[in-house]
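Source file: upload_10.cif. Holds: mmCIF, C-alpha atoms.
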data_data
loop_
_atom_site.label_atom_id
_atom_site.label_comp_id
_atom_site.auth_asym_id
_atom_site.auth_seq_id
_atom_site.Cartn_x
_atom_site.Cartn_y
_atom_site.Cartn_z
CA MET A 1 89.22 -223.00 -71.76
CA ASP A 2 85.96 -221.13 -71.55
CA HIS A 3 85.11 -221.32 -67.84
CA LEU A 4 86.55 -221.94 -64.39
CA ASP A 5 84.32 -223.65 -61.83
CA PHE A 6 84.86 -224.53 -58.20
CA ALA A 7 81.90 -225.05 -55.88
CA ASP A 8 79.81 -221.89 -56.25
CA ASP A 9 82.62 -219.80 -57.77
CA ILE A 10 82.26 -219.59 -61.54
CA SER A 11 84.33 -217.55 -63.94
CA LEU A 12 83.09 -217.46 -67.53
CA LEU A 13 85.60 -216.60 -70.25
CA SER A 14 84.76 -215.42 -73.74
CA HIS A 15 86.29 -213.69 -76.76
CA THR A 16 83.16 -211.83 -77.86
CA HIS A 17 80.40 -209.82 -76.23
CA GLN A 18 77.70 -211.91 -77.93
CA HIS A 19 79.26 -215.18 -76.80
CA MET A 20 79.46 -213.92 -73.20
CA GLN A 21 75.85 -212.80 -73.30
CA GLU A 22 74.85 -216.31 -74.48
CA LYS A 23 76.86 -217.90 -71.69
CA ILE A 24 75.15 -215.72 -69.09
CA LYS A 25 71.73 -216.70 -70.46
CA ASN A 26 72.68 -220.41 -70.41
CA LEU A 27 73.96 -220.07 -66.86
CA VAL A 28 70.72 -218.43 -65.72
CA ASP A 29 68.65 -221.13 -67.47
CA THR A 30 70.72 -223.96 -65.95
CA ALA A 31 70.54 -222.39 -62.49
CA ARG A 32 66.76 -222.02 -62.73
CA SER A 33 66.32 -225.63 -63.83
CA THR A 34 68.06 -226.74 -60.62
CA GLY A 35 66.20 -224.31 -58.37
CA LEU A 36 69.04 -221.81 -58.06
CA SER A 37 69.31 -218.16 -59.01
CA ILE A 38 72.17 -215.86 -59.97
CA ASN A 39 72.55 -212.77 -57.80
CA PRO A 40 73.15 -209.82 -60.16
CA SER A 41 74.72 -207.68 -57.42
CA LYS A 42 77.39 -210.37 -56.80
CA THR A 43 78.03 -210.95 -60.50
CA LYS A 44 80.78 -208.84 -62.10
CA THR A 45 82.34 -208.49 -65.52
CA MET A 46 85.89 -207.68 -66.55
CA ARG A 47 87.13 -206.90 -70.05
CA ILE A 48 90.65 -207.30 -71.30
CA ASN A 49 91.56 -205.56 -74.57
CA ALA A 50 87.89 -205.22 -75.47
CA THR A 51 86.85 -202.74 -78.13
CA ARG A 52 83.10 -203.03 -77.56
CA LYS A 53 81.88 -201.42 -74.36
CA ALA A 54 78.22 -202.56 -74.42
CA PRO A 55 77.17 -203.82 -71.01
CA ILE A 56 76.72 -207.50 -70.25
CA LEU A 57 73.15 -208.05 -69.11
CA LEU A 58 71.74 -210.46 -66.57
CA GLU A 59 67.97 -210.53 -66.85
CA ASP A 60 67.89 -206.99 -68.26
CA ARG A 61 70.24 -205.64 -65.56
CA SER A 62 73.67 -204.33 -66.50
CA LEU A 63 76.42 -206.14 -64.61
CA GLU A 64 79.05 -204.11 -62.78
CA GLU A 65 82.40 -203.86 -64.55
CA VAL A 66 85.54 -204.31 -62.47
CA ASP A 67 89.29 -204.02 -63.10
CA SER A 68 90.05 -207.09 -61.00
CA PHE A 69 88.37 -209.85 -59.02
CA VAL A 70 89.35 -212.60 -56.61
CA TYR A 71 88.97 -216.20 -57.74
CA LEU A 72 89.88 -218.93 -55.27
CA GLY A 73 92.05 -216.54 -53.28
CA SER A 74 94.01 -215.17 -56.23
CA VAL A 75 93.58 -211.74 -57.79
CA VAL A 76 92.76 -211.74 -61.49
CA SER A 77 93.26 -208.33 -63.10
CA GLU A 78 92.90 -206.79 -66.50
CA THR A 79 96.61 -205.95 -66.49
CA ARG A 80 97.27 -209.71 -66.34
CA GLY A 81 100.17 -209.02 -64.02
CA ALA A 82 100.93 -210.70 -60.76
CA ASP A 83 101.61 -207.43 -58.90
CA GLU A 84 98.11 -207.15 -57.42
CA ASP A 85 98.08 -210.80 -56.39
CA VAL A 86 101.55 -210.55 -54.83
CA LYS A 87 100.49 -207.47 -52.87
CA VAL A 88 97.47 -209.35 -51.49
CA ARG A 89 99.52 -212.47 -50.72
CA ILE A 90 102.13 -210.39 -48.83
CA GLY A 91 99.33 -208.73 -46.85
CA LYS A 92 97.88 -212.12 -45.88
CA ALA A 93 101.31 -213.45 -44.96
CA GLN A 94 101.99 -210.32 -42.86
CA TYR A 95 98.77 -210.95 -40.98
CA ALA A 96 99.68 -214.62 -40.44
CA PHE A 97 103.14 -213.57 -39.23
CA TYR A 98 101.59 -211.06 -36.84
CA MET A 99 99.17 -213.68 -35.47
CA LEU A 100 102.14 -215.91 -34.62
CA ARG A 101 104.17 -213.14 -32.99
CA ASN A 102 104.09 -214.87 -29.58
CA ILE A 103 105.77 -217.89 -31.16
CA TRP A 104 108.49 -215.79 -32.81
CA ARG A 105 109.17 -214.02 -29.46
CA ASN A 106 109.16 -217.19 -27.38
CA ARG A 107 112.74 -217.85 -26.21
CA ARG A 108 111.93 -221.39 -25.06
CA LEU A 109 111.05 -222.61 -28.56
CA MET A 110 113.88 -223.93 -30.66
CA LEU A 111 114.77 -222.11 -33.86
CA SER A 112 114.06 -225.28 -35.86
CA THR A 113 110.47 -225.31 -34.53
CA LYS A 114 109.98 -221.67 -35.41
CA LEU A 115 111.37 -222.24 -38.91
CA SER A 116 109.09 -225.25 -39.42
CA LEU A 117 106.12 -223.06 -38.52
CA PHE A 118 107.43 -220.28 -40.74
CA ASN A 119 107.75 -222.63 -43.72
CA SER A 120 104.40 -224.32 -43.21
CA ASN A 121 102.33 -221.28 -42.29
CA MET A 122 104.02 -218.20 -43.69
CA LYS A 123 105.52 -219.43 -46.93
CA SER A 124 102.45 -221.44 -47.90
CA VAL A 125 100.22 -218.38 -47.44
CA LEU A 126 102.70 -216.15 -49.28
CA LEU A 127 103.28 -218.46 -52.24
CA TYR A 128 99.72 -219.72 -52.76
CA GLY A 129 99.08 -219.54 -56.50
CA SER A 130 102.66 -218.47 -57.28
CA GLU A 131 102.93 -221.06 -60.05
CA THR A 132 100.53 -218.91 -62.10
CA TRP A 133 102.52 -215.69 -61.69
CA LYS A 134 104.75 -214.28 -64.38
CA HIS A 135 107.96 -214.00 -62.43
CA THR A 136 110.12 -210.94 -62.80
CA LYS A 137 113.15 -209.83 -60.85
CA ALA A 138 111.07 -207.05 -59.27
CA LEU A 139 108.37 -209.49 -58.14
CA ASP A 140 110.88 -211.97 -56.74
CA HIS A 141 112.69 -209.10 -55.00
CA LYS A 142 109.45 -207.95 -53.35
CA LEU A 143 108.79 -211.48 -52.04
CA GLN A 144 112.40 -211.94 -50.91
CA VAL A 145 112.46 -208.64 -49.00
CA PHE A 146 109.34 -209.70 -47.10
CA ILE A 147 110.75 -213.16 -46.28
CA ASN A 148 114.11 -211.73 -45.21
CA ARG A 149 112.38 -209.24 -42.92
CA CYS A 150 110.40 -212.07 -41.30
CA LEU A 151 113.49 -214.25 -40.87
CA ARG A 152 115.46 -211.38 -39.32
CA ASN A 153 112.56 -210.83 -36.95
CA ILE A 154 112.53 -214.51 -35.96
CA LEU A 155 116.32 -214.40 -35.37
CA ARG A 156 115.90 -211.11 -33.46
CA ILE A 157 118.32 -209.29 -35.74
CA ARG A 158 117.41 -205.63 -35.41
CA TRP A 159 118.89 -202.52 -36.90
CA PRO A 160 121.71 -201.47 -36.58
CA ASN A 161 122.87 -205.10 -36.39
CA ARG A 162 123.46 -206.55 -39.83
CA ILE A 163 123.72 -209.92 -41.47
CA SER A 164 124.09 -210.69 -45.16
CA ASN A 165 121.22 -212.39 -46.95
CA GLN A 166 123.43 -215.40 -47.65
CA ASP A 167 124.26 -215.76 -43.93
CA LEU A 168 120.59 -215.28 -43.08
CA TRP A 169 119.56 -218.06 -45.47
CA LYS A 170 122.34 -220.33 -44.19
CA ARG A 171 121.34 -219.85 -40.54
CA THR A 172 117.66 -220.46 -41.35
CA ARG A 173 118.25 -223.20 -43.96
CA GLN A 174 116.32 -221.21 -46.58
CA LYS A 175 116.83 -220.91 -50.31
CA PRO A 176 116.28 -217.75 -52.35
CA ILE A 177 112.58 -217.35 -53.12
CA ALA A 178 113.10 -217.65 -56.89
CA THR A 179 114.62 -221.10 -56.33
CA THR A 180 111.83 -222.11 -53.96
CA ILE A 181 109.15 -221.18 -56.48
CA LYS A 182 110.88 -223.04 -59.32
CA ASP A 183 111.22 -226.24 -57.22
#
Let's see the structure in the file written out as structure tokens.
Amino acid sequence: MDHLDFADDISLLSHTHQHMQEKIKNLVDTARSTGLSINPSKTKTMRINATRKAPILLEDRSLEEVDSFVYLGSVVSETRGADEDVKVRIGKAQYAFYMLRNIWRNRRLMLSTKLSLFNSNMKSVLLYGSETWKHTKALDHKLQVFINRCLRNILRIRWPNRISNQDLWKRTRQKPIATTIKD
């Protein structure tokens, strides 16, 4: 694989500086032939395990180097870990949870309705792109802690009241997050 394309989001991949420079030139030429242009200030480069540090040029302008970038909603980083992406996904899911707070607080809505909304809105936001993550116990734990906190909030279980995770999952008909991701 040497590139990722979706609409106007393009990610070029290369093993050598020279090859990347050629790809950039070809991209510029192709864009020009169709009446488009590449915006150098929106174009970034990222190196992973690169020994050569010469800048990548776009029409004689050095492109900004970054440690990570977002492609189709997922964070790609030079560490190749999922930690950054998980952090972003949890933040987006927290925001979605907050936006639905009136639903979670509504005593007239059935628990089954709330859980359907939780599964369709919260979990889908949280787990978007999870099939590409390298799963570790720490990563799964981070996701599970967030989900458990949300479920306890929906059930109105506040400290100092306690409920085991197994009882929580049974009452909300949820599976552990590691199982959900594998399915």
- Given the PyMOL selection byres ((chain A and resi 46) around 7), the residues it picks as a ChimeraX atom specification: /A:44-45,47-48,65-68
- Message: For the provided coordinates, the residues matched by the PyMOL selection byres ((chain A and resi 78-93) around 10) should be stated as a PyMOL selection string.
- Response: chain A and resi 46-49+66-70+73-77+94-99+121-130+132-136+138-140+142-143+146-147+150
- Task: Tell me which protein, DNA and RNA residues are within 9 Å of A:Pro176, counting all atoms listed in the file, leaving out same-chain ones fewer than 6 positions away, and put them as a list in words.
- Result: Gln144, Gln166 and Trp169 of chain A
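Proximity to A:Lys137 was assessed for A:Ile38, A:Ala178, A:Leu4, A:Leu109 counting only C-alpha atoms; the smallest distance is recorded for A:Ala178.
With distances taken over all atoms listed in the file, A:Leu72 is the one residue among A:Leu72, A:Ile154, A:Ala54, A:Val145 lying closest to A:Ile10.
The two atoms in question, atom CA of A:Arg107 and atom CA of A:Lys175, are spaced 24.6 Å apart.
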- Message: On this structure, the PyMOL selection byres ((chain A and resi 17-20) around 10) would catch which residues? List them as a PyMOL selection string, sorted by chain and number.
- Response: chain A and resi 2+12-16+21-26+45+47+50-57
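Atom to atom, atom CA of A:Ile103 and atom CA of A:Asp183 stand 27.9 Å apart.
If you look at atom CA of A:Ile181 and atom CA of A:Leu115, they are 17.7 Å away from each other.
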- Task: Using all atoms listed in the file, find the one residue out of A:Leu111, A:Leu36, A:Arg105, A:Glu131 that sits nearest to A:Asn153.
- Result: A:Arg105
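All residues that come within 7 Å of the coordinates (114.6, -224.3, -40.6), counting only C-alpha atoms, are given as A:Ser112, A:Leu115, A:Ser116, A:Thr172, A:Arg173, A:Gln174.
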Is it possible to add N, CA, C and O atoms to stretch 9-35 of chain A and hand it back as a PDB file, in the coordinates of the input?
ATOM      1  N   ASP A   9      81.844-220.845 -57.097  1.00  0.00           N
ATOM      2  CA  ASP A   9      82.620-219.800 -57.770  1.00  0.00           C
ATOM      3  C   ASP A   9      82.764-220.170 -59.240  1.00  0.00           C
ATOM      4  O   ASP A   9      83.364-221.190 -59.578  1.00  0.00           O
ATOM      5  N   ILE A  10      82.214-219.331 -60.104  1.00  0.00           N
ATOM      6  CA  ILE A  10      82.260-219.590 -61.540  1.00  0.00           C
ATOM      7  C   ILE A  10      82.844-218.368 -62.229  1.00  0.00           C
ATOM      8  O   ILE A  10      82.460-217.240 -61.947  1.00  0.00           O
ATOM      9  N   SER A  11      83.761-218.609 -63.128  1.00  0.00           N
ATOM     10  CA  SER A  11      84.330-217.550 -63.940  1.00  0.00           C
ATOM     11  C   SER A  11      84.140-217.949 -65.397  1.00  0.00           C
ATOM     12  O   SER A  11      84.684-218.954 -65.847  1.00  0.00           O
ATOM     13  N   LEU A  12      83.333-217.183 -66.122  1.00  0.00           N
ATOM     14  CA  LEU A  12      83.090-217.460 -67.530  1.00  0.00           C
ATOM     15  C   LEU A  12      84.063-216.646 -68.370  1.00  0.00           C
ATOM     16  O   LEU A  12      84.284-215.462 -68.110  1.00  0.00           O
ATOM     17  N   LEU A  13      84.628-217.256 -69.384  1.00  0.00           N
ATOM     18  CA  LEU A  13      85.600-216.600 -70.250  1.00  0.00           C
ATOM     19  C   LEU A  13      85.061-216.602 -71.674  1.00  0.00           C
ATOM     20  O   LEU A  13      84.496-217.594 -72.126  1.00  0.00           O
ATOM     21  N   SER A  14      85.258-215.506 -72.380  1.00  0.00           N
ATOM     22  CA  SER A  14      84.760-215.420 -73.740  1.00  0.00           C
ATOM     23  C   SER A  14      85.581-214.415 -74.542  1.00  0.00           C
ATOM     24  O   SER A  14      86.167-213.498 -73.983  1.00  0.00           O
ATOM     25  N   HIS A  15      85.571-214.610 -75.877  1.00  0.00           N
ATOM     26  CA  HIS A  15      86.290-213.690 -76.760  1.00  0.00           C
ATOM     27  C   HIS A  15      85.384-212.607 -77.335  1.00  0.00           C
ATOM     28  O   HIS A  15      85.878-211.602 -77.844  1.00  0.00           O
ATOM     29  N   THR A  16      84.072-212.818 -77.283  1.00  0.00           N
ATOM     30  CA  THR A  16      83.160-211.830 -77.860  1.00  0.00           C
ATOM     31  C   THR A  16      82.047-211.482 -76.885  1.00  0.00           C
ATOM     32  O   THR A  16      81.679-212.284 -76.014  1.00  0.00           O
ATOM     33  N   HIS A  17      81.507-210.290 -77.050  1.00  0.00           N
ATOM     34  CA  HIS A  17      80.400-209.820 -76.230  1.00  0.00           C
ATOM     35  C   HIS A  17      79.190-210.743 -76.408  1.00  0.00           C
ATOM     36  O   HIS A  17      78.559-211.157 -75.431  1.00  0.00           O
ATOM     37  N   GLN A  18      78.872-211.069 -77.648  1.00  0.00           N
ATOM     38  CA  GLN A  18      77.700-211.910 -77.930  1.00  0.00           C
ATOM     39  C   GLN A  18      77.849-213.295 -77.283  1.00  0.00           C
ATOM     40  O   GLN A  18      76.912-213.809 -76.683  1.00  0.00           O
ATOM     41  N   HIS A  19      79.026-213.870 -77.393  1.00  0.00           N
ATOM     42  CA  HIS A  19      79.260-215.180 -76.800  1.00  0.00           C
ATOM     43  C   HIS A  19      79.109-215.125 -75.280  1.00  0.00           C
ATOM     44  O   HIS A  19      78.536-216.038 -74.660  1.00  0.00           O
ATOM     45  N   MET A  20      79.596-214.070 -74.645  1.00  0.00           N
ATOM     46  CA  MET A  20      79.460-213.920 -73.200  1.00  0.00           C
ATOM     47  C   MET A  20      77.992-213.763 -72.820  1.00  0.00           C
ATOM     48  O   MET A  20      77.531-214.360 -71.847  1.00  0.00           O
ATOM     49  N   GLN A  21      77.273-212.998 -73.592  1.00  0.00           N
ATOM     50  CA  GLN A  21      75.850-212.800 -73.300  1.00  0.00           C
ATOM     51  C   GLN A  21      75.103-214.137 -73.375  1.00  0.00           C
ATOM     52  O   GLN A  21      74.245-214.430 -72.548  1.00  0.00           O
ATOM     53  N   GLU A  22      75.456-214.975 -74.361  1.00  0.00           N
ATOM     54  CA  GLU A  22      74.850-216.310 -74.480  1.00  0.00           C
ATOM     55  C   GLU A  22      75.202-217.182 -73.288  1.00  0.00           C
ATOM     56  O   GLU A  22      74.353-217.924 -72.771  1.00  0.00           O
ATOM     57  N   LYS A  23      76.441-217.105 -72.846  1.00  0.00           N
ATOM     58  CA  LYS A  23      76.860-217.900 -71.690  1.00  0.00           C
ATOM     59  C   LYS A  23      76.097-217.499 -70.430  1.00  0.00           C
ATOM     60  O   LYS A  23      75.706-218.355 -69.638  1.00  0.00           O
ATOM     61  N   ILE A  24      75.904-216.206 -70.255  1.00  0.00           N
ATOM     62  CA  ILE A  24      75.150-215.720 -69.090  1.00  0.00           C
ATOM     63  C   ILE A  24      73.720-216.260 -69.144  1.00  0.00           C
ATOM     64  O   ILE A  24      73.193-216.751 -68.144  1.00  0.00           O
ATOM     65  N   LYS A  25      73.103-216.197 -70.316  1.00  0.00           N
ATOM     66  CA  LYS A  25      71.730-216.700 -70.460  1.00  0.00           C
ATOM     67  C   LYS A  25      71.679-218.193 -70.160  1.00  0.00           C
ATOM     68  O   LYS A  25      70.797-218.668 -69.430  1.00  0.00           O
ATOM     69  N   ASN A  26      72.636-218.972 -70.682  1.00  0.00           N
ATOM     70  CA  ASN A  26      72.680-220.410 -70.410  1.00  0.00           C
ATOM     71  C   ASN A  26      72.891-220.694 -68.924  1.00  0.00           C
ATOM     72  O   ASN A  26      72.297-221.628 -68.374  1.00  0.00           O
ATOM     73  N   LEU A  27      73.717-219.901 -68.287  1.00  0.00           N
ATOM     74  CA  LEU A  27      73.960-220.070 -66.860  1.00  0.00           C
ATOM     75  C   LEU A  27      72.681-219.822 -66.067  1.00  0.00           C
ATOM     76  O   LEU A  27      72.338-220.592 -65.169  1.00  0.00           O
ATOM     77  N   VAL A  28      71.975-218.754 -66.399  1.00  0.00           N
ATOM     78  CA  VAL A  28      70.720-218.430 -65.720  1.00  0.00           C
ATOM     79  C   VAL A  28      69.706-219.561 -65.932  1.00  0.00           C
ATOM     80  O   VAL A  28      69.042-220.011 -64.985  1.00  0.00           O
ATOM     81  N   ASP A  29      69.595-220.051 -67.171  1.00  0.00           N
ATOM     82  CA  ASP A  29      68.650-221.130 -67.470  1.00  0.00           C
ATOM     83  C   ASP A  29      69.000-222.402 -66.706  1.00  0.00           C
ATOM     84  O   ASP A  29      68.127-223.060 -66.135  1.00  0.00           O
ATOM     85  N   THR A  30      70.278-222.760 -66.671  1.00  0.00           N
ATOM     86  CA  THR A  30      70.720-223.960 -65.950  1.00  0.00           C
ATOM     87  C   THR A  30      70.474-223.806 -64.457  1.00  0.00           C
ATOM     88  O   THR A  30      70.012-224.744 -63.794  1.00  0.00           O
ATOM     89  N   ALA A  31      70.773-222.640 -63.921  1.00  0.00           N
ATOM     90  CA  ALA A  31      70.540-222.390 -62.490  1.00  0.00           C
ATOM     91  C   ALA A  31      69.062-222.532 -62.166  1.00  0.00           C
ATOM     92  O   ALA A  31      68.700-223.195 -61.190  1.00  0.00           O
ATOM     93  N   ARG A  32      68.214-221.925 -62.969  1.00  0.00           N
ATOM     94  CA  ARG A  32      66.760-222.020 -62.730  1.00  0.00           C
ATOM     95  C   ARG A  32      66.277-223.461 -62.756  1.00  0.00           C
ATOM     96  O   ARG A  32      65.442-223.852 -61.951  1.00  0.00           O
ATOM     97  N   SER A  33      66.783-224.242 -63.704  1.00  0.00           N
ATOM     98  CA  SER A  33      66.320-225.630 -63.830  1.00  0.00           C
ATOM     99  C   SER A  33      66.691-226.478 -62.614  1.00  0.00           C
ATOM    100  O   SER A  33      66.097-227.525 -62.377  1.00  0.00           O
ATOM    101  N   THR A  34      67.666-226.015 -61.829  1.00  0.00           N
ATOM    102  CA  THR A  34      68.060-226.740 -60.620  1.00  0.00           C
ATOM    103  C   THR A  34      67.563-226.050 -59.353  1.00  0.00           C
ATOM    104  O   THR A  34      67.935-226.439 -58.253  1.00  0.00           O
ATOM    105  N   GLY A  35      66.757-225.009 -59.518  1.00  0.00           N
ATOM    106  CA  GLY A  35      66.200-224.310 -58.370  1.00  0.00           C
ATOM    107  C   GLY A  35      67.098-223.241 -57.778  1.00  0.00           C
ATOM    108  O   GLY A  35      66.863-222.768 -56.674  1.00  0.00           O
TER     109      GLY A  35
END
